[in-house]
file final-v8.cif (mmCIF, N, CA and C atoms, pLDDT in the B column; chains and numbers go by the auth columns)
data_run
#
loop_
_atom_site.group_PDB
_atom_site.id
_atom_site.type_symbol
_atom_site.label_atom_id
_atom_site.label_comp_id
_atom_site.label_asym_id
_atom_site.label_seq_id
_atom_site.Cartn_x
_atom_site.Cartn_y
_atom_site.Cartn_z
_atom_site.B_iso_or_equiv
_atom_site.auth_seq_id
_atom_site.auth_asym_id
ATOM 1 N N MET A 1 2.197 81.570 -31.333 81.00 29 A
ATOM 2 C CA MET A 1 1.746 81.794 -29.979 81.00 29 A
ATOM 3 C C MET A 1 0.214 81.642 -29.902 81.00 29 A
ATOM 4 N N ALA A 2 -0.479 82.224 -30.867 82.00 30 A
ATOM 5 C CA ALA A 2 -1.941 82.119 -30.880 82.00 30 A
ATOM 6 C C ALA A 2 -2.387 80.677 -31.068 82.00 30 A
ATOM 7 N N THR A 3 -1.666 79.941 -31.892 85.00 31 A
ATOM 8 C CA THR A 3 -2.000 78.531 -32.127 85.00 31 A
ATOM 9 C C THR A 3 -1.865 77.727 -30.839 85.00 31 A
ATOM 10 N N LYS A 4 -0.838 78.012 -30.038 83.00 32 A
ATOM 11 C CA LYS A 4 -0.648 77.319 -28.768 83.00 32 A
ATOM 12 C C LYS A 4 -1.797 77.626 -27.818 83.00 32 A
ATOM 13 N N ILE A 5 -2.209 78.879 -27.759 82.00 33 A
ATOM 14 C CA ILE A 5 -3.315 79.274 -26.882 82.00 33 A
ATOM 15 C C ILE A 5 -4.588 78.543 -27.294 82.00 33 A
ATOM 16 N N ILE A 6 -4.864 78.507 -28.584 84.00 34 A
ATOM 17 C CA ILE A 6 -6.066 77.822 -29.072 84.00 34 A
ATOM 18 C C ILE A 6 -6.007 76.341 -28.730 84.00 34 A
ATOM 19 N N ALA A 7 -4.853 75.722 -28.913 84.00 35 A
ATOM 20 C CA ALA A 7 -4.712 74.297 -28.594 84.00 35 A
ATOM 21 C C ALA A 7 -4.910 74.055 -27.100 84.00 35 A
ATOM 22 N N ASP A 8 -4.372 74.946 -26.258 81.00 36 A
ATOM 23 C CA ASP A 8 -4.513 74.787 -24.810 81.00 36 A
ATOM 24 C C ASP A 8 -5.959 74.962 -24.347 81.00 36 A
ATOM 25 N N LEU A 9 -6.699 75.815 -25.032 81.00 37 A
ATOM 26 C CA LEU A 9 -8.075 76.091 -24.620 81.00 37 A
ATOM 27 C C LEU A 9 -9.084 75.156 -25.281 81.00 37 A
ATOM 28 N N SER A 10 -8.651 74.376 -26.257 84.00 38 A
ATOM 29 C CA SER A 10 -9.567 73.477 -26.956 84.00 38 A
ATOM 30 C C SER A 10 -9.958 72.315 -26.053 84.00 38 A
ATOM 31 N N GLY A 11 -11.167 71.850 -26.237 83.00 39 A
ATOM 32 C CA GLY A 11 -11.630 70.712 -25.461 83.00 39 A
ATOM 33 C C GLY A 11 -13.144 70.666 -25.450 83.00 39 A
ATOM 34 N N GLU A 12 -13.683 69.922 -24.504 85.00 40 A
ATOM 35 C CA GLU A 12 -15.129 69.795 -24.374 85.00 40 A
ATOM 36 C C GLU A 12 -15.743 71.130 -23.967 85.00 40 A
ATOM 37 N N PHE A 13 -16.906 71.419 -24.513 81.00 41 A
ATOM 38 C CA PHE A 13 -17.612 72.666 -24.223 81.00 41 A
ATOM 39 C C PHE A 13 -18.913 72.341 -23.510 81.00 41 A
ATOM 40 N N ASP A 14 -19.067 72.896 -22.310 85.00 42 A
ATOM 41 C CA ASP A 14 -20.295 72.691 -21.545 85.00 42 A
ATOM 42 C C ASP A 14 -20.963 74.045 -21.363 85.00 42 A
ATOM 43 N N ILE A 15 -22.069 74.259 -22.074 87.00 43 A
ATOM 44 C CA ILE A 15 -22.759 75.545 -22.067 87.00 43 A
ATOM 45 C C ILE A 15 -23.262 75.920 -20.676 87.00 43 A
ATOM 46 N N THR A 16 -23.486 74.931 -19.821 88.00 44 A
ATOM 47 C CA THR A 16 -24.008 75.225 -18.483 88.00 44 A
ATOM 48 C C THR A 16 -22.966 75.907 -17.596 88.00 44 A
ATOM 49 N N GLU A 17 -21.711 75.902 -18.010 87.00 45 A
ATOM 50 C CA GLU A 17 -20.666 76.572 -17.245 87.00 45 A
ATOM 51 C C GLU A 17 -20.707 78.091 -17.422 87.00 45 A
ATOM 52 N N TYR A 18 -21.495 78.548 -18.371 87.00 46 A
ATOM 53 C CA TYR A 18 -21.527 79.964 -18.707 87.00 46 A
ATOM 54 C C TYR A 18 -22.929 80.519 -18.486 87.00 46 A
ATOM 55 N N LYS A 19 -22.986 81.821 -18.162 90.00 47 A
ATOM 56 C CA LYS A 19 -24.297 82.447 -18.049 90.00 47 A
ATOM 57 C C LYS A 19 -24.340 83.635 -18.994 90.00 47 A
ATOM 58 N N ASP A 20 -25.514 83.950 -19.462 93.00 48 A
ATOM 59 C CA ASP A 20 -25.711 85.031 -20.414 93.00 48 A
ATOM 60 C C ASP A 20 -25.994 86.316 -19.635 93.00 48 A
ATOM 61 N N SER A 21 -24.926 86.973 -19.189 93.00 49 A
ATOM 62 C CA SER A 21 -25.092 88.161 -18.354 93.00 49 A
ATOM 63 C C SER A 21 -25.699 89.319 -19.139 93.00 49 A
ATOM 64 N N CYS A 22 -25.434 89.387 -20.425 93.00 50 A
ATOM 65 C CA CYS A 22 -26.023 90.447 -21.249 93.00 50 A
ATOM 66 C C CYS A 22 -27.542 90.296 -21.291 93.00 50 A
ATOM 67 N N ARG A 23 -27.999 89.075 -21.499 95.00 51 A
ATOM 68 C CA ARG A 23 -29.445 88.824 -21.539 95.00 51 A
ATOM 69 C C ARG A 23 -30.081 89.132 -20.184 95.00 51 A
ATOM 70 N N GLU A 24 -29.408 88.750 -19.090 95.00 52 A
ATOM 71 C CA GLU A 24 -29.925 89.013 -17.748 95.00 52 A
ATOM 72 C C GLU A 24 -30.068 90.516 -17.493 95.00 52 A
ATOM 73 N N LYS A 25 -29.082 91.294 -17.938 92.00 53 A
ATOM 74 C CA LYS A 25 -29.148 92.746 -17.760 92.00 53 A
ATOM 75 C C LYS A 25 -30.296 93.347 -18.554 92.00 53 A
ATOM 76 N N ILE A 26 -30.470 92.883 -19.790 94.00 54 A
ATOM 77 C CA ILE A 26 -31.554 93.391 -20.630 94.00 54 A
ATOM 78 C C ILE A 26 -32.910 93.036 -20.032 94.00 54 A
ATOM 79 N N GLU A 27 -33.062 91.796 -19.565 96.00 55 A
ATOM 80 C CA GLU A 27 -34.329 91.382 -18.953 96.00 55 A
ATOM 81 C C GLU A 27 -34.615 92.198 -17.690 96.00 55 A
ATOM 82 N N SER A 28 -33.570 92.497 -16.932 95.00 56 A
ATOM 83 C CA SER A 28 -33.729 93.315 -15.737 95.00 56 A
ATOM 84 C C SER A 28 -34.179 94.726 -16.098 95.00 56 A
ATOM 85 N N LEU A 29 -33.578 95.298 -17.139 93.00 57 A
ATOM 86 C CA LEU A 29 -33.989 96.635 -17.589 93.00 57 A
ATOM 87 C C LEU A 29 -35.433 96.645 -18.072 93.00 57 A
ATOM 88 N N ILE A 30 -35.825 95.623 -18.800 95.00 58 A
ATOM 89 C CA ILE A 30 -37.208 95.522 -19.283 95.00 58 A
ATOM 90 C C ILE A 30 -38.172 95.440 -18.104 95.00 58 A
ATOM 91 N N GLN A 31 -37.818 94.618 -17.108 96.00 59 A
ATOM 92 C CA GLN A 31 -38.674 94.469 -15.937 96.00 59 A
ATOM 93 C C GLN A 31 -38.803 95.790 -15.186 96.00 59 A
ATOM 94 N N LYS A 32 -37.698 96.514 -15.019 95.00 60 A
ATOM 95 C CA LYS A 32 -37.737 97.811 -14.340 95.00 60 A
ATOM 96 C C LYS A 32 -38.617 98.793 -15.101 95.00 60 A
ATOM 97 N N LYS A 33 -38.488 98.808 -16.413 95.00 61 A
ATOM 98 C CA LYS A 33 -39.295 99.703 -17.249 95.00 61 A
ATOM 99 C C LYS A 33 -40.771 99.343 -17.134 95.00 61 A
ATOM 100 N N MET A 34 -41.079 98.045 -17.111 96.00 62 A
ATOM 101 C CA MET A 34 -42.466 97.606 -16.974 96.00 62 A
ATOM 102 C C MET A 34 -43.035 98.002 -15.612 96.00 62 A
ATOM 103 N N ASN A 35 -42.179 98.081 -14.591 97.00 63 A
ATOM 104 C CA ASN A 35 -42.615 98.476 -13.251 97.00 63 A
ATOM 105 C C ASN A 35 -42.693 99.992 -13.091 97.00 63 A
ATOM 106 N N GLY A 36 -42.373 100.717 -14.167 96.00 64 A
ATOM 107 C CA GLY A 36 -42.463 102.167 -14.133 96.00 64 A
ATOM 108 C C GLY A 36 -41.242 102.858 -13.551 96.00 64 A
ATOM 109 N N GLU A 37 -40.181 102.119 -13.335 95.00 65 A
ATOM 110 C CA GLU A 37 -38.971 102.711 -12.773 95.00 65 A
ATOM 111 C C GLU A 37 -38.224 103.504 -13.843 95.00 65 A
ATOM 112 N N THR A 38 -37.520 104.538 -13.404 92.00 66 A
ATOM 113 C CA THR A 38 -36.692 105.316 -14.319 92.00 66 A
ATOM 114 C C THR A 38 -35.347 104.623 -14.467 92.00 66 A
ATOM 115 N N ILE A 39 -34.909 104.511 -15.692 89.00 67 A
ATOM 116 C CA ILE A 39 -33.653 103.831 -15.959 89.00 67 A
ATOM 117 C C ILE A 39 -32.567 104.880 -16.200 89.00 67 A
ATOM 118 N N VAL A 40 -31.498 104.781 -15.433 87.00 68 A
ATOM 119 C CA VAL A 40 -30.379 105.692 -15.570 87.00 68 A
ATOM 120 C C VAL A 40 -29.184 104.888 -16.081 87.00 68 A
ATOM 121 N N PHE A 41 -28.655 105.314 -17.196 85.00 69 A
ATOM 122 C CA PHE A 41 -27.522 104.615 -17.782 85.00 69 A
ATOM 123 C C PHE A 41 -26.227 105.232 -17.297 85.00 69 A
ATOM 124 N N GLU A 42 -25.276 104.374 -16.935 86.00 70 A
ATOM 125 C CA GLU A 42 -23.967 104.836 -16.507 86.00 70 A
ATOM 126 C C GLU A 42 -23.063 104.970 -17.725 86.00 70 A
ATOM 127 N N LYS A 43 -22.206 105.964 -17.701 89.00 71 A
ATOM 128 C CA LYS A 43 -21.271 106.152 -18.794 89.00 71 A
ATOM 129 C C LYS A 43 -20.205 105.056 -18.707 89.00 71 A
ATOM 130 N N PRO A 44 -19.960 104.339 -19.798 85.00 72 A
ATOM 131 C CA PRO A 44 -18.972 103.259 -19.749 85.00 72 A
ATOM 132 C C PRO A 44 -17.567 103.793 -19.488 85.00 72 A
ATOM 133 N N VAL A 45 -16.797 102.983 -18.794 86.00 73 A
ATOM 134 C CA VAL A 45 -15.415 103.340 -18.499 86.00 73 A
ATOM 135 C C VAL A 45 -14.562 102.973 -19.703 86.00 73 A
ATOM 136 N N LYS A 46 -13.782 103.930 -20.165 86.00 74 A
ATOM 137 C CA LYS A 46 -12.939 103.688 -21.324 86.00 74 A
ATOM 138 C C LYS A 46 -11.699 102.922 -20.894 86.00 74 A
ATOM 139 N N GLU A 47 -11.421 101.829 -21.581 83.00 75 A
ATOM 140 C CA GLU A 47 -10.248 101.016 -21.292 83.00 75 A
ATOM 141 C C GLU A 47 -9.227 101.179 -22.406 83.00 75 A
ATOM 142 N N GLU A 48 -7.974 101.084 -22.029 83.00 76 A
ATOM 143 C CA GLU A 48 -6.921 101.164 -23.031 83.00 76 A
ATOM 144 C C GLU A 48 -6.795 99.832 -23.749 83.00 76 A
ATOM 145 N N ALA A 49 -6.536 99.909 -25.039 80.00 77 A
ATOM 146 C CA ALA A 49 -6.318 98.697 -25.833 80.00 77 A
ATOM 147 C C ALA A 49 -4.878 98.237 -25.650 80.00 77 A
ATOM 148 N N LYS A 50 -4.709 96.935 -25.514 82.00 78 A
ATOM 149 C CA LYS A 50 -3.370 96.369 -25.362 82.00 78 A
ATOM 150 C C LYS A 50 -2.820 95.981 -26.725 82.00 78 A
ATOM 151 N N GLU A 51 -1.524 95.939 -26.794 88.00 79 A
ATOM 152 C CA GLU A 51 -0.877 95.412 -27.991 88.00 79 A
ATOM 153 C C GLU A 51 -1.188 93.920 -28.066 88.00 79 A
ATOM 154 N N LEU A 52 -1.365 93.411 -29.254 87.00 80 A
ATOM 155 C CA LEU A 52 -1.720 92.005 -29.447 87.00 80 A
ATOM 156 C C LEU A 52 -0.694 91.068 -28.827 87.00 80 A
ATOM 157 N N MET A 53 0.579 91.325 -29.044 87.00 81 A
ATOM 158 C CA MET A 53 1.618 90.446 -28.516 87.00 81 A
ATOM 159 C C MET A 53 1.586 90.427 -26.989 87.00 81 A
ATOM 160 N N VAL A 54 1.387 91.571 -26.371 88.00 82 A
ATOM 161 C CA VAL A 54 1.324 91.651 -24.906 88.00 82 A
ATOM 162 C C VAL A 54 0.135 90.835 -24.403 88.00 82 A
ATOM 163 N N ALA A 55 -1.009 90.982 -25.061 87.00 83 A
ATOM 164 C CA ALA A 55 -2.203 90.238 -24.662 87.00 83 A
ATOM 165 C C ALA A 55 -1.991 88.736 -24.800 87.00 83 A
ATOM 166 N N LEU A 56 -1.361 88.299 -25.881 87.00 84 A
ATOM 167 C CA LEU A 56 -1.099 86.868 -26.082 87.00 84 A
ATOM 168 C C LEU A 56 -0.149 86.333 -25.014 87.00 84 A
ATOM 169 N N GLN A 57 0.882 87.095 -24.684 88.00 85 A
ATOM 170 C CA GLN A 57 1.831 86.665 -23.662 88.00 85 A
ATOM 171 C C GLN A 57 1.160 86.569 -22.290 88.00 85 A
ATOM 172 N N GLU A 58 0.273 87.510 -21.971 89.00 86 A
ATOM 173 C CA GLU A 58 -0.457 87.453 -20.699 89.00 86 A
ATOM 174 C C GLU A 58 -1.358 86.232 -20.642 89.00 86 A
ATOM 175 N N THR A 59 -1.998 85.916 -21.767 88.00 87 A
ATOM 176 C CA THR A 59 -2.866 84.740 -21.818 88.00 87 A
ATOM 177 C C THR A 59 -2.055 83.466 -21.600 88.00 87 A
ATOM 178 N N LEU A 60 -0.890 83.380 -22.225 87.00 88 A
ATOM 179 C CA LEU A 60 -0.036 82.201 -22.035 87.00 88 A
ATOM 180 C C LEU A 60 0.383 82.058 -20.571 87.00 88 A
ATOM 181 N N LYS A 61 0.711 83.149 -19.916 88.00 89 A
ATOM 182 C CA LYS A 61 1.099 83.107 -18.499 88.00 89 A
ATOM 183 C C LYS A 61 -0.056 82.606 -17.638 88.00 89 A
ATOM 184 N N GLN A 62 -1.276 83.067 -17.947 86.00 90 A
ATOM 185 C CA GLN A 62 -2.451 82.629 -17.193 86.00 90 A
ATOM 186 C C GLN A 62 -2.714 81.151 -17.396 86.00 90 A
ATOM 187 N N LEU A 63 -2.517 80.661 -18.613 85.00 91 A
ATOM 188 C CA LEU A 63 -2.737 79.243 -18.899 85.00 91 A
ATOM 189 C C LEU A 63 -1.727 78.363 -18.180 85.00 91 A
ATOM 190 N N LYS A 64 -0.514 78.840 -18.010 82.00 92 A
ATOM 191 C CA LYS A 64 0.511 78.073 -17.305 82.00 92 A
ATOM 192 C C LYS A 64 0.183 77.942 -15.833 82.00 92 A
ATOM 193 N N LYS A 65 -0.539 78.919 -15.261 77.00 93 A
ATOM 194 C CA LYS A 65 -0.891 78.907 -13.841 77.00 93 A
ATOM 195 C C LYS A 65 -1.969 77.873 -13.550 77.00 93 A
ATOM 196 N N LYS A 66 -2.744 77.481 -14.562 65.00 94 A
ATOM 197 C CA LYS A 66 -3.857 76.543 -14.353 65.00 94 A
ATOM 198 C C LYS A 66 -3.388 75.151 -14.140 65.00 94 A
#
call {"tool": "encode", "arguments": {"input": "final-v8.cif", "output": "structure tokens"}}
result
Amino acid sequence: MATKIIADLSGEFDITEYKDSCREKIESLIQKKMNGETIVFEKPVKEEAKELMVALQETLKQLKKK
């Protein structure tokens, strides 16, 4: 199942299709700190871990919809 998912997702990679949201958040925090703003961190929301087989099956269903 994993091999099928990898084969379906393989292809040309265009880096411009993606943005570095982690870097943007860090740069924003740095800028706020430089401006003297107080930074308040939010507590992350805990998510439940899925079983591997369930996650793979969901991914296959999503790929079929494309």
call {"tool": "select_by_dssp", "arguments": {"input": "final-v8.cif", "residues": "chain A", "states": "alpha helix (DSSP H)", "output": "PyMOL selection string"}}
result
chain A and resi 30-37+49-62+80-93
call {"tool": "write_last_selection", "arguments": {"input": "final-v8.cif", "atoms": "N, CA and C atoms", "output": "short mmCIF file (atom, residue, chain, number, x, y, z; two decimals), in the frame of the given file"}}
result
data_model
loop_
_atom_site.label_atom_id
_atom_site.label_comp_id
_atom_site.auth_asym_id
_atom_site.auth_seq_id
_atom_site.Cartn_x
_atom_site.Cartn_y
_atom_site.Cartn_z
N ALA A 30 -0.48 82.22 -30.87
CA ALA A 30 -1.94 82.12 -30.88
C ALA A 30 -2.39 80.68 -31.07
N THR A 31 -1.67 79.94 -31.89
CA THR A 31 -2.00 78.53 -32.13
C THR A 31 -1.86 77.73 -30.84
N LYS A 32 -0.84 78.01 -30.04
CA LYS A 32 -0.65 77.32 -28.77
C LYS A 32 -1.80 77.63 -27.82
N ILE A 33 -2.21 78.88 -27.76
CA ILE A 33 -3.32 79.27 -26.88
C ILE A 33 -4.59 78.54 -27.29
N ILE A 34 -4.86 78.51 -28.58
CA ILE A 34 -6.07 77.82 -29.07
C ILE A 34 -6.01 76.34 -28.73
N ALA A 35 -4.85 75.72 -28.91
CA ALA A 35 -4.71 74.30 -28.59
C ALA A 35 -4.91 74.06 -27.10
N ASP A 36 -4.37 74.95 -26.26
CA ASP A 36 -4.51 74.79 -24.81
C ASP A 36 -5.96 74.96 -24.35
N LEU A 37 -6.70 75.82 -25.03
CA LEU A 37 -8.07 76.09 -24.62
C LEU A 37 -9.08 75.16 -25.28
N SER A 49 -24.93 86.97 -19.19
CA SER A 49 -25.09 88.16 -18.35
C SER A 49 -25.70 89.32 -19.14
N CYS A 50 -25.43 89.39 -20.42
CA CYS A 50 -26.02 90.45 -21.25
C CYS A 50 -27.54 90.30 -21.29
N ARG A 51 -28.00 89.08 -21.50
CA ARG A 51 -29.44 88.82 -21.54
C ARG A 51 -30.08 89.13 -20.18
N GLU A 52 -29.41 88.75 -19.09
CA GLU A 52 -29.92 89.01 -17.75
C GLU A 52 -30.07 90.52 -17.49
N LYS A 53 -29.08 91.29 -17.94
CA LYS A 53 -29.15 92.75 -17.76
C LYS A 53 -30.30 93.35 -18.55
N ILE A 54 -30.47 92.88 -19.79
CA ILE A 54 -31.55 93.39 -20.63
C ILE A 54 -32.91 93.04 -20.03
N GLU A 55 -33.06 91.80 -19.57
CA GLU A 55 -34.33 91.38 -18.95
C GLU A 55 -34.62 92.20 -17.69
N SER A 56 -33.57 92.50 -16.93
CA SER A 56 -33.73 93.32 -15.74
C SER A 56 -34.18 94.73 -16.10
N LEU A 57 -33.58 95.30 -17.14
CA LEU A 57 -33.99 96.64 -17.59
C LEU A 57 -35.43 96.64 -18.07
N ILE A 58 -35.83 95.62 -18.80
CA ILE A 58 -37.21 95.52 -19.28
C ILE A 58 -38.17 95.44 -18.10
N GLN A 59 -37.82 94.62 -17.11
CA GLN A 59 -38.67 94.47 -15.94
C GLN A 59 -38.80 95.79 -15.19
N LYS A 60 -37.70 96.51 -15.02
CA LYS A 60 -37.74 97.81 -14.34
C LYS A 60 -38.62 98.79 -15.10
N LYS A 61 -38.49 98.81 -16.41
CA LYS A 61 -39.30 99.70 -17.25
C LYS A 61 -40.77 99.34 -17.13
N MET A 62 -41.08 98.04 -17.11
CA MET A 62 -42.47 97.61 -16.97
C MET A 62 -43.04 98.00 -15.61
N LEU A 80 -1.36 93.41 -29.25
CA LEU A 80 -1.72 92.00 -29.45
C LEU A 80 -0.69 91.07 -28.83
N MET A 81 0.58 91.32 -29.04
CA MET A 81 1.62 90.45 -28.52
C MET A 81 1.59 90.43 -26.99
N VAL A 82 1.39 91.57 -26.37
CA VAL A 82 1.32 91.65 -24.91
C VAL A 82 0.14 90.84 -24.40
N ALA A 83 -1.01 90.98 -25.06
CA ALA A 83 -2.20 90.24 -24.66
C ALA A 83 -1.99 88.74 -24.80
N LEU A 84 -1.36 88.30 -25.88
CA LEU A 84 -1.10 86.87 -26.08
C LEU A 84 -0.15 86.33 -25.01
N GLN A 85 0.88 87.10 -24.68
CA GLN A 85 1.83 86.66 -23.66
C GLN A 85 1.16 86.57 -22.29
N GLU A 86 0.27 87.51 -21.97
CA GLU A 86 -0.46 87.45 -20.70
C GLU A 86 -1.36 86.23 -20.64
N THR A 87 -2.00 85.92 -21.77
CA THR A 87 -2.87 84.74 -21.82
C THR A 87 -2.06 83.47 -21.60
N LEU A 88 -0.89 83.38 -22.22
CA LEU A 88 -0.04 82.20 -22.04
C LEU A 88 0.38 82.06 -20.57
N LYS A 89 0.71 83.15 -19.92
CA LYS A 89 1.10 83.11 -18.50
C LYS A 89 -0.06 82.61 -17.64
N GLN A 90 -1.28 83.07 -17.95
CA GLN A 90 -2.45 82.63 -17.19
C GLN A 90 -2.71 81.15 -17.40
N LEU A 91 -2.52 80.66 -18.61
CA LEU A 91 -2.74 79.24 -18.90
C LEU A 91 -1.73 78.36 -18.18
N LYS A 92 -0.51 78.84 -18.01
CA LYS A 92 0.51 78.07 -17.30
C LYS A 92 0.18 77.94 -15.83
N LYS A 93 -0.54 78.92 -15.26
CA LYS A 93 -0.89 78.91 -13.84
C LYS A 93 -1.97 77.87 -13.55
#
call {"tool": "atom_distance", "arguments": {"input": "final-v8.cif", "atom1": "atom N of A:Ala30", "atom2": "atom CA of A:Ile43"}}
result
24.9 Å
call {"tool": "closest_residue", "arguments": {"input": "final-v8.cif", "among": "A:Leu37, A:Val68, A:Ile58, A:Ala77", "to": "A:Lys92", "atoms": "only C-alpha atoms"}}
result
A:Leu37
call {"tool": "axis_aligned_box", "arguments": {"input": "final-v8.cif", "around": "stretch 46-62 of chain A", "padding_each_side": "4 Å", "output": "JSON"}}
result
{"center_x": -32.3, "center_y": 89.1, "center_z": -17.9, "size_x": 29.5, "size_y": 29.2, "size_z": 15.2}
call {"tool": "atom_distance", "arguments": {"input": "final-v8.cif", "atom1": "atom C of A:Lys93", "atom2": "atom N of A:Glu45"}}
result
20.3 Å
call {"tool": "atom_distance", "arguments": {"input": "final-v8.cif", "atom1": "atom N of A:Ile34", "atom2": "atom CA of A:Thr87"}}
result
9.4 Å
call {"tool": "build_atoms", "arguments": {"input": "final-v8.cif", "residues": "stretch 59-71 of chain A", "atoms": "N, CA, C and O atoms", "output": "short mmCIF file (atom, residue, chain, number, x, y, z; two decimals), in the coordinates of the input"}}
result
data_model
loop_
_atom_site.label_atom_id
_atom_site.label_comp_id
_atom_site.auth_asym_id
_atom_site.auth_seq_id
_atom_site.Cartn_x
_atom_site.Cartn_y
_atom_site.Cartn_z
N GLN A 59 -37.82 94.62 -17.11
CA GLN A 59 -38.67 94.47 -15.94
C GLN A 59 -38.80 95.79 -15.19
O GLN A 59 -39.90 96.18 -14.76
N LYS A 60 -37.70 96.51 -15.02
CA LYS A 60 -37.74 97.81 -14.34
C LYS A 60 -38.62 98.79 -15.10
O LYS A 60 -39.40 99.53 -14.50
N LYS A 61 -38.49 98.81 -16.41
CA LYS A 61 -39.30 99.70 -17.25
C LYS A 61 -40.77 99.34 -17.13
O LYS A 61 -41.63 100.23 -17.04
N MET A 62 -41.08 98.04 -17.11
CA MET A 62 -42.47 97.61 -16.97
C MET A 62 -43.04 98.00 -15.61
O MET A 62 -44.23 98.25 -15.48
N ASN A 63 -42.18 98.08 -14.59
CA ASN A 63 -42.62 98.48 -13.25
C ASN A 63 -42.69 99.99 -13.09
O ASN A 63 -42.99 100.48 -12.02
N GLY A 64 -42.37 100.72 -14.17
CA GLY A 64 -42.46 102.17 -14.13
C GLY A 64 -41.24 102.86 -13.55
O GLY A 64 -41.27 104.06 -13.29
N GLU A 65 -40.18 102.12 -13.34
CA GLU A 65 -38.97 102.71 -12.77
C GLU A 65 -38.22 103.50 -13.84
O GLU A 65 -38.31 103.19 -15.03
N THR A 66 -37.52 104.54 -13.40
CA THR A 66 -36.69 105.32 -14.32
C THR A 66 -35.35 104.62 -14.47
O THR A 66 -34.74 104.21 -13.49
N ILE A 67 -34.91 104.51 -15.69
CA ILE A 67 -33.65 103.83 -15.96
C ILE A 67 -32.57 104.88 -16.20
O ILE A 67 -32.72 105.75 -17.05
N VAL A 68 -31.50 104.78 -15.43
CA VAL A 68 -30.38 105.69 -15.57
C VAL A 68 -29.18 104.89 -16.08
O VAL A 68 -28.78 103.92 -15.46
N PHE A 69 -28.66 105.31 -17.20
CA PHE A 69 -27.52 104.62 -17.78
C PHE A 69 -26.23 105.23 -17.30
O PHE A 69 -26.09 106.45 -17.26
N GLU A 70 -25.28 104.37 -16.93
CA GLU A 70 -23.97 104.84 -16.51
C GLU A 70 -23.06 104.97 -17.73
O GLU A 70 -23.14 104.17 -18.65
N LYS A 71 -22.21 105.96 -17.70
CA LYS A 71 -21.27 106.15 -18.79
C LYS A 71 -20.20 105.06 -18.71
O LYS A 71 -19.61 104.85 -17.65
#
